[in-house]
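Structure file input.cif; described as mmCIF, C-alpha atoms and all ligand atoms.
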```cif
data_data
#
loop_
_atom_site.label_atom_id
_atom_site.label_comp_id
_atom_site.auth_asym_id
_atom_site.auth_seq_id
_atom_site.Cartn_x
_atom_site.Cartn_y
_atom_site.Cartn_z
CA MET A 1 17.95 -16.65 19.07
CA GLN A 2 20.60 -14.42 17.52
CA CYS A 3 19.38 -12.59 14.43
CA HIS A 4 21.45 -10.88 11.80
CA PHE A 5 20.01 -7.75 10.20
CA THR A 6 21.41 -6.14 7.04
CA VAL A 7 19.81 -2.72 6.87
CA TYR A 8 19.78 -0.16 4.05
CA ARG A 9 21.21 3.19 5.19
CA PHE A 10 21.17 6.42 3.26
CA ASP A 11 21.03 10.03 4.32
CA PRO A 12 20.77 12.08 1.10
CA ALA A 13 21.84 15.18 3.04
CA ALA A 14 25.13 13.61 4.12
CA ASP A 15 25.91 10.47 2.09
CA GLU A 16 27.07 10.24 -1.50
CA LYS A 17 25.48 6.85 -1.96
CA PRO A 18 23.54 4.25 0.04
CA HIS A 19 25.23 1.46 1.98
CA TYR A 20 24.17 -1.49 4.10
CA GLN A 21 24.84 -1.78 7.81
CA GLU A 22 24.97 -5.01 9.79
CA TYR A 23 23.39 -5.53 13.23
CA GLU A 24 23.23 -8.55 15.53
CA ILE A 25 20.40 -8.72 18.03
CA ALA A 26 18.79 -11.32 20.29
CA ALA A 27 15.16 -11.93 19.33
CA GLU A 28 12.34 -14.36 20.02
CA PRO A 29 10.72 -16.21 17.10
CA THR A 30 7.49 -14.45 18.02
CA ASP A 31 9.01 -10.96 17.89
CA LYS A 32 7.77 -8.72 15.12
CA ILE A 33 10.31 -7.38 12.65
CA LEU A 34 9.25 -3.96 13.94
CA ASP A 35 10.25 -5.06 17.47
CA CYS A 36 13.67 -5.96 16.10
CA LEU A 37 14.09 -2.59 14.37
CA ASN A 38 13.04 -0.83 17.57
CA LYS A 39 15.56 -2.89 19.49
CA ILE A 40 18.33 -1.89 17.07
CA ARG A 41 17.37 1.76 17.38
CA TRP A 42 16.94 1.76 21.16
CA GLU A 43 19.94 -0.38 22.08
CA GLN A 44 22.50 0.01 19.31
CA ASP A 45 21.91 2.78 16.82
CA PRO A 46 19.59 5.72 17.52
CA THR A 47 20.39 7.16 14.08
CA LEU A 48 18.46 4.44 12.24
CA ALA A 49 15.37 6.06 10.68
CA PHE A 50 12.10 4.22 9.97
CA ARG A 51 8.40 4.95 10.36
CA SER A 52 5.90 3.20 12.59
CA SER A 53 2.92 4.20 14.64
CA CYS A 54 0.17 1.73 15.58
CA ALA A 55 2.34 -1.44 15.56
CA HIS A 56 -0.82 -3.44 14.81
CA GLY A 57 -1.29 -3.33 11.03
CA ILE A 58 -3.73 -0.42 11.09
CA CYS A 59 -1.89 2.79 10.17
CA GLY A 60 0.14 1.45 7.24
CA SER A 61 3.24 3.48 8.10
CA ASP A 62 5.83 0.70 8.35
CA ALA A 63 5.70 -0.91 4.92
CA LEU A 64 9.23 -2.00 3.99
CA MET A 65 11.10 -4.48 1.86
CA ILE A 66 11.89 -7.45 4.04
CA ASN A 67 14.05 -10.06 2.32
CA GLY A 68 13.09 -8.64 -1.06
CA ARG A 69 9.33 -8.46 -0.59
CA THR A 70 7.05 -5.61 0.52
CA GLU A 71 5.70 -6.33 4.01
CA LEU A 72 4.43 -4.52 7.08
CA ALA A 73 7.18 -4.75 9.69
CA CYS A 74 4.58 -4.88 12.48
CA GLN A 75 2.71 -7.75 10.87
CA LYS A 76 5.60 -10.11 10.21
CA LEU A 77 7.25 -12.20 12.90
CA VAL A 78 10.82 -13.45 12.97
CA ARG A 79 9.54 -17.03 12.61
CA ASP A 80 7.60 -16.16 9.41
CA PHE A 81 10.74 -16.15 7.26
CA LYS A 82 12.44 -19.11 5.66
CA SER A 83 15.71 -17.21 5.79
CA GLY A 84 16.12 -18.39 9.38
CA ASN A 85 17.73 -15.63 11.36
CA ASN A 86 19.00 -13.48 8.48
CA PHE A 87 17.04 -10.43 7.40
CA VAL A 88 17.64 -7.82 4.73
CA ILE A 89 15.64 -4.66 5.38
CA GLU A 90 15.24 -2.03 2.67
CA PRO A 91 12.92 0.91 1.98
CA LEU A 92 9.95 0.58 -0.36
CA PRO A 93 11.12 0.73 -3.98
CA LEU A 94 9.70 3.29 -6.42
CA PHE A 95 9.85 6.22 -4.00
CA ASP A 96 12.69 8.62 -3.14
CA VAL A 97 14.46 7.90 0.12
CA VAL A 98 14.13 10.63 2.75
CA LYS A 99 16.43 8.82 5.18
CA ASP A 100 17.28 5.13 5.61
CA LEU A 101 13.96 3.24 5.53
CA ILE A 102 11.75 6.31 5.22
CA VAL A 103 10.52 7.18 1.72
CA ASP A 104 8.69 10.19 0.34
CA LEU A 105 5.10 9.03 -0.19
CA GLU A 106 3.84 12.33 -1.56
CA PRO A 107 3.67 10.99 -5.18
CA PHE A 108 1.58 8.08 -3.85
CA PHE A 109 -0.88 10.40 -2.09
CA GLU A 110 -0.96 12.73 -5.07
CA LYS A 111 -2.34 9.86 -7.19
CA TYR A 112 -4.71 8.95 -4.40
CA ARG A 113 -6.11 12.51 -4.42
CA GLN A 114 -6.56 12.35 -8.22
CA VAL A 115 -9.41 9.82 -7.83
CA GLN A 116 -11.27 12.20 -5.48
CA PRO A 117 -11.39 9.77 -2.57
CA TYR A 118 -14.58 10.94 -0.94
CA LEU A 119 -18.28 10.30 -1.36
CA LYS A 120 -20.20 12.63 -3.64
CA PRO A 121 -23.81 11.82 -2.86
CA GLY A 122 -26.70 13.09 -4.95
CA LYS A 123 -29.37 15.30 -3.46
CA ASN A 124 -31.23 13.46 -0.74
CA THR A 125 -34.84 14.59 -0.89
CA SER A 126 -36.24 11.74 1.23
CA GLY A 127 -35.79 13.63 4.47
CA LYS A 128 -34.31 10.43 5.89
CA GLU A 129 -30.83 9.07 6.51
CA PHE A 130 -28.90 8.20 3.30
CA ILE A 131 -28.65 4.47 3.91
CA GLN A 132 -26.42 2.07 1.97
CA GLU A 133 -27.79 -1.36 1.04
CA ALA A 134 -26.13 -4.22 2.95
CA GLU A 135 -25.25 -6.07 -0.29
CA ASN A 136 -23.62 -2.95 -1.67
CA GLN A 137 -21.59 -2.52 1.49
CA GLU A 138 -20.51 -6.14 1.24
CA PHE A 139 -19.42 -5.62 -2.38
CA ILE A 140 -17.13 -2.69 -1.62
CA GLU A 141 -15.96 -4.03 1.76
CA PRO A 142 -12.60 -5.41 0.53
CA ALA A 143 -11.58 -1.91 -0.57
CA LEU A 144 -12.51 -0.53 2.84
CA ARG A 145 -9.77 -2.64 4.38
CA CYS A 146 -7.04 -0.69 2.55
CA ILE A 147 -4.70 1.11 4.99
CA LEU A 148 -2.78 3.03 2.30
CA CYS A 149 0.54 1.43 3.21
CA ALA A 150 1.65 1.66 -0.48
CA SER A 151 2.90 -1.93 -0.55
CA CYS A 152 0.84 -2.73 -3.65
CA THR A 153 1.94 0.34 -5.56
CA ALA A 154 5.60 -0.07 -4.62
CA GLY A 155 5.46 -3.74 -5.57
CA CYS A 156 3.62 -3.26 -8.88
CA PRO A 157 5.93 -3.89 -11.89
CA ILE A 158 3.77 -1.60 -14.07
CA ASN A 159 4.17 1.27 -11.62
CA ARG A 160 7.91 0.77 -11.63
CA ALA A 161 7.98 0.95 -15.46
CA ASN A 162 5.44 3.78 -15.82
CA PRO A 163 5.47 6.43 -13.09
CA ASP A 164 2.31 8.01 -14.57
CA TYR A 165 0.19 4.92 -13.96
CA LEU A 166 -2.35 5.68 -11.22
CA GLY A 167 -1.43 2.46 -9.47
CA PRO A 168 -3.38 -0.19 -7.60
CA ALA A 169 -4.02 1.71 -4.35
CA ALA A 170 -5.56 4.77 -6.04
CA LEU A 171 -7.59 2.55 -8.37
CA LEU A 172 -8.79 0.48 -5.45
CA ARG A 173 -9.98 3.67 -3.75
CA ALA A 174 -11.74 4.62 -6.99
CA PHE A 175 -13.45 1.19 -6.93
CA ARG A 176 -14.73 1.96 -3.44
CA TYR A 177 -16.62 5.04 -4.70
CA ILE A 178 -17.53 3.87 -8.21
CA PHE A 179 -19.51 1.00 -6.73
CA ASP A 180 -20.91 2.86 -3.73
CA SER A 181 -24.65 3.12 -4.50
CA ARG A 182 -24.84 6.47 -2.68
CA ASP A 183 -22.31 8.16 -4.98
CA SER A 184 -23.85 10.24 -7.77
CA THR A 185 -20.74 10.61 -9.96
CA THR A 186 -20.10 7.04 -11.09
CA GLU A 187 -20.20 7.95 -14.82
CA HIS A 188 -17.70 10.75 -14.34
CA ARG A 189 -15.43 8.58 -12.20
CA LEU A 190 -15.44 5.86 -14.88
CA GLU A 191 -14.66 8.38 -17.62
CA LYS A 192 -11.68 9.76 -15.70
CA ILE A 193 -10.24 6.34 -15.08
CA ASP A 194 -10.75 5.07 -18.66
CA ALA A 195 -7.17 5.79 -19.75
CA ASP A 196 -3.88 4.02 -20.45
CA ASP A 197 -2.46 5.47 -17.23
CA GLY A 198 -5.75 4.77 -15.47
CA VAL A 199 -7.42 1.41 -15.10
CA TRP A 200 -6.01 0.10 -18.39
CA GLY A 201 -2.52 0.52 -17.00
CA CYS A 202 -3.24 -2.62 -14.99
CA LYS A 203 -1.98 -5.63 -16.94
CA THR A 204 -3.39 -8.15 -14.46
CA MET A 205 -0.02 -9.21 -13.08
CA TRP A 206 -1.55 -9.94 -9.63
CA TRP A 207 1.49 -8.66 -7.76
CA CYS A 208 -0.59 -6.11 -5.84
CA THR A 209 -2.91 -8.86 -4.67
CA GLU A 210 0.06 -11.04 -3.78
CA VAL A 211 1.72 -8.47 -1.51
CA CYS A 212 -1.30 -6.73 0.05
CA PRO A 213 -0.94 -7.17 3.84
CA LYS A 214 -4.71 -6.90 4.21
CA GLU A 215 -5.33 -9.68 1.66
CA ILE A 216 -7.50 -7.45 -0.51
CA PRO A 217 -8.26 -8.99 -3.94
CA ILE A 218 -7.05 -5.80 -5.63
CA THR A 219 -6.62 -7.25 -9.13
CA LYS A 220 -10.19 -8.58 -9.02
CA CYS A 221 -11.52 -5.17 -7.94
CA LEU A 222 -9.64 -3.51 -10.81
CA GLY A 223 -11.14 -6.11 -13.16
CA GLN A 224 -14.60 -5.05 -11.99
CA ILE A 225 -13.78 -1.43 -12.81
CA LYS A 226 -12.64 -2.49 -16.31
CA ARG A 227 -15.91 -4.36 -16.81
CA ALA A 228 -17.92 -1.31 -15.68
CA VAL A 229 -15.99 0.92 -18.10
CA MET A 230 -16.74 -1.47 -20.98
CA GLN A 231 -20.41 -1.70 -20.03
CA LYS A 232 -20.67 2.06 -19.94
CA LYS A 233 -19.15 2.27 -23.43
CA LYS A 234 -21.68 -0.23 -24.70
CA GLY A 235 -24.40 1.86 -23.07
CA GLY A 236 -25.16 -0.93 -20.59
S1 LIG B 301 2.95 0.44 12.49
FE1 LIG B 301 0.91 0.83 11.81
S2 LIG B 301 0.64 -0.65 10.24
FE2 LIG B 301 2.54 -1.18 11.11
#
```

Any chance you could put this one into structure tokens?
Amino acid sequence: MQCHFTVYRFDPAADEKPHYQEYEIAAEPTDKILDCLNKIRWEQDPTLAFRSSCAHGICGSDALMINGRTELACQKLVRDFKSGNNFVIEPLPLFDVVKDLIVDLEPFFEKYRQVQPYLKPGKNTSGKEFIQEAENQEFIEPALRCILCASCTAGCPINRANPDYLGPAALLRAFRYIFDSRDSTTEHRLEKIDADDGVWGCKTMWWCTEVCPKEIPITKCLGQIKRAVMQKKKGG
């Protein structure tokens, strides 16, 4: 089938303002949107800039706006869209454009680093392996599926209104360590996150959950953090 792509183009080093460029390509209904972008770049326009790596929904590098919604280009097929054979491809909102579909994700990773995304175990005096309970692993498992594609954060209306809000991806990573039974700093983690720009920045709009390509119940996880913060305040 013939597909029509309208693609956002902007090179801040050369262009005064962004514009959209049209491309026509032949594609199969089972082609990924990433396949189509590769085809445009390889066969028509080698100047088109976008990121991708694994092409299998693992690395998180090709999150884009496809027809107005954040998606992974490697996870969506041509036939997945009601728009038939018309596609509008834009960079993730919220972040500065480096070139075309590539955005600067440094602010995203800066917030991610703020939650100290690594295990801080207490002293293990047992002389044995530090083993995690199976039920505990199951509880935090949804957060382990996060590939840091930034779709949730870019799609979050709160993040768009308040750039200081930690955002769903960083909070989800905090959830992963707050509820890890091997971590010894839960109290401190909860204290740090108990702020208007922390977990209370989330107004339960569910958009992060709606757009997550890994179907992680992010809003629910953030709700569990809120509950833990309240319990801590009550001394529970
Ligand atoms: S290219 Fe790795 S997630 Fe799409």

*Residues within 6 Å of ligand LIG 301 (chain B), counting all atoms listed in the file: report them as a PyMOL selection string.*
chain A and resi 52-62+72+74

Report as lines of an AutoDock Vina configuration file the centre and the edge lengths, in Å to one decimal, of the axis-aligned box holding every listed atom of region 122-139 of chain A, padded by 5 Å on each side.
```
center_x = -27.8
center_y = 4.6
center_z = 0.8
size_x = 26.8
size_y = 31.4
size_z = 21.5
```

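Residue nearest Tyr20 (chain A) within the list A:Phe81, A:Phe87, A:Phe109, A:Trp42: A:Phe87 [criterion: smallest interatomic distance, all atoms listed in the file].
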
*Have a look at A:Met230, A:Leu222, A:Leu92, A:Ile216 and name the one nearest to Gly167 (chain A); count all atoms listed in the file.*
A:Leu222

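Omitting Glu133 (chain A) and its sequence neighbours fewer than 4 positions away, and counting only C-alpha atoms, the residues within 12 Å are Gln137, Glu138, Phe139, Ile140, Phe179, Asp180, Ser181 and Arg182 of chain A.
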
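When CA of Trp206 (chain A) is paired with CA of Phe108 (chain A), their separation reads 19.2 Å.
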
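If all atoms listed in the file are the atoms counted, then among A:Pro93, A:Pro168, A:Gly84, A:Gly68 the closest residue to Trp207 (chain A) is A:Pro168.
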
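Between CA of Ser151 (chain A) and CA of Ala170 (chain A) lies a distance of 12.1 Å.
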
Taking 5 positions as the minimum chain separation for residues in the same chain, which residues sit within 12 Å of Asp45 (chain A) when counting only C-alpha atoms? Answer as a tab-separated table (two decimals) with C-alpha atoms, in the frame of the given file.
```tsv
chain	number	residue	atom	x	y	z
A	7	VAL	CA	19.81	-2.72	6.87
A	9	ARG	CA	21.21	3.19	5.19
A	21	GLN	CA	24.84	-1.78	7.81
A	22	GLU	CA	24.97	-5.01	9.79
A	23	TYR	CA	23.39	-5.53	13.23
A	24	GLU	CA	23.23	-8.55	15.53
A	25	ILE	CA	20.40	-8.72	18.03
A	37	LEU	CA	14.09	-2.59	14.37
A	38	ASN	CA	13.04	-0.83	17.57
A	39	LYS	CA	15.56	-2.89	19.49
A	40	ILE	CA	18.33	-1.89	17.07
```

For Ile158 (chain A), work out the shell of residues within 12 Å, counting only C-alpha atoms and skipping chain neighbours fewer than 4 positions away, then give it as a CSV table (one decimal) with C-alpha atoms, in the frame of the given file.
```csv
chain,number,residue,atom,x,y,z
A,94,LEU,CA,9.7,3.3,-6.4
A,152,CYS,CA,0.8,-2.7,-3.6
A,153,THR,CA,1.9,0.3,-5.6
A,154,ALA,CA,5.6,-0.1,-4.6
A,162,ASN,CA,5.4,3.8,-15.8
A,163,PRO,CA,5.5,6.4,-13.1
A,164,ASP,CA,2.3,8.0,-14.6
A,165,TYR,CA,0.2,4.9,-14.0
A,166,LEU,CA,-2.4,5.7,-11.2
A,167,GLY,CA,-1.4,2.5,-9.5
A,168,PRO,CA,-3.4,-0.2,-7.6
A,196,ASP,CA,-3.9,4.0,-20.4
A,197,ASP,CA,-2.5,5.5,-17.2
A,198,GLY,CA,-5.8,4.8,-15.5
A,199,VAL,CA,-7.4,1.4,-15.1
A,200,TRP,CA,-6.0,0.1,-18.4
A,201,GLY,CA,-2.5,0.5,-17.0
A,202,CYS,CA,-3.2,-2.6,-15.0
A,203,LYS,CA,-2.0,-5.6,-16.9
A,204,THR,CA,-3.4,-8.2,-14.5
A,205,MET,CA,0.0,-9.2,-13.1
A,206,TRP,CA,-1.6,-9.9,-9.6
A,207,TRP,CA,1.5,-8.7,-7.8
A,208,CYS,CA,-0.6,-6.1,-5.8
```

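Interatomic distance, CA of Met65 (chain A) to CA of Asn159 (chain A): 16.2 Å.
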
*Please identify all polymer residues within 9 Å of Lys232 (chain A), counting only C-alpha atoms, omitting same-chain residues fewer than 4 positions from it, and present them as number ranges by chain.*
A: 187, 190, 227-228, 236

Grab the residues selected above and save them as a short mmCIF file (atom, residue, chain, number, x, y, z; two decimals), in the coordinates of the input with C-alpha atoms.
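And here is the file that came out, part_36.cif:
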```
data_model
loop_
_atom_site.label_atom_id
_atom_site.label_comp_id
_atom_site.auth_asym_id
_atom_site.auth_seq_id
_atom_site.Cartn_x
_atom_site.Cartn_y
_atom_site.Cartn_z
CA GLU A 187 -20.20 7.95 -14.82
CA LEU A 190 -15.44 5.86 -14.88
CA ARG A 227 -15.91 -4.36 -16.81
CA ALA A 228 -17.92 -1.31 -15.68
CA GLY A 236 -25.16 -0.93 -20.59
#
```

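Proximity to Arg176 (chain A) was assessed for A:Glu90, A:Asp100, A:Glu210, A:Glu141 counting all atoms listed in the file; the smallest distance is recorded for A:Glu141.
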
Show me, as CSV, the residues of region 186-220 of chain A having an atom within 10 Å of region 110-119 of chain A, each with the closest atom pair and its distance in Å, using all atoms listed in the file.
```
residue,atom,partner,partner_atom,distance
A:Arg189,CA,A:Val115,CA,7.5
A:Lys192,CA,A:Val115,CA,8.2
A:Ile193,CA,A:Val115,CA,8.1
A:Gly198,CA,A:Val115,CA,9.9
```

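Between Leu105 (chain A) and the residues A:Arg69, A:Cys149, A:Asn86, A:Ile33, the shortest atom-to-atom distance, using only C-alpha atoms, involves A:Cys149.
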
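Here the question is which of A:Gly127, A:Val78, A:Lys234, A:Ala150 gets nearest to Phe95 (chain A) using all atoms listed in the file, and that residue is A:Ala150.
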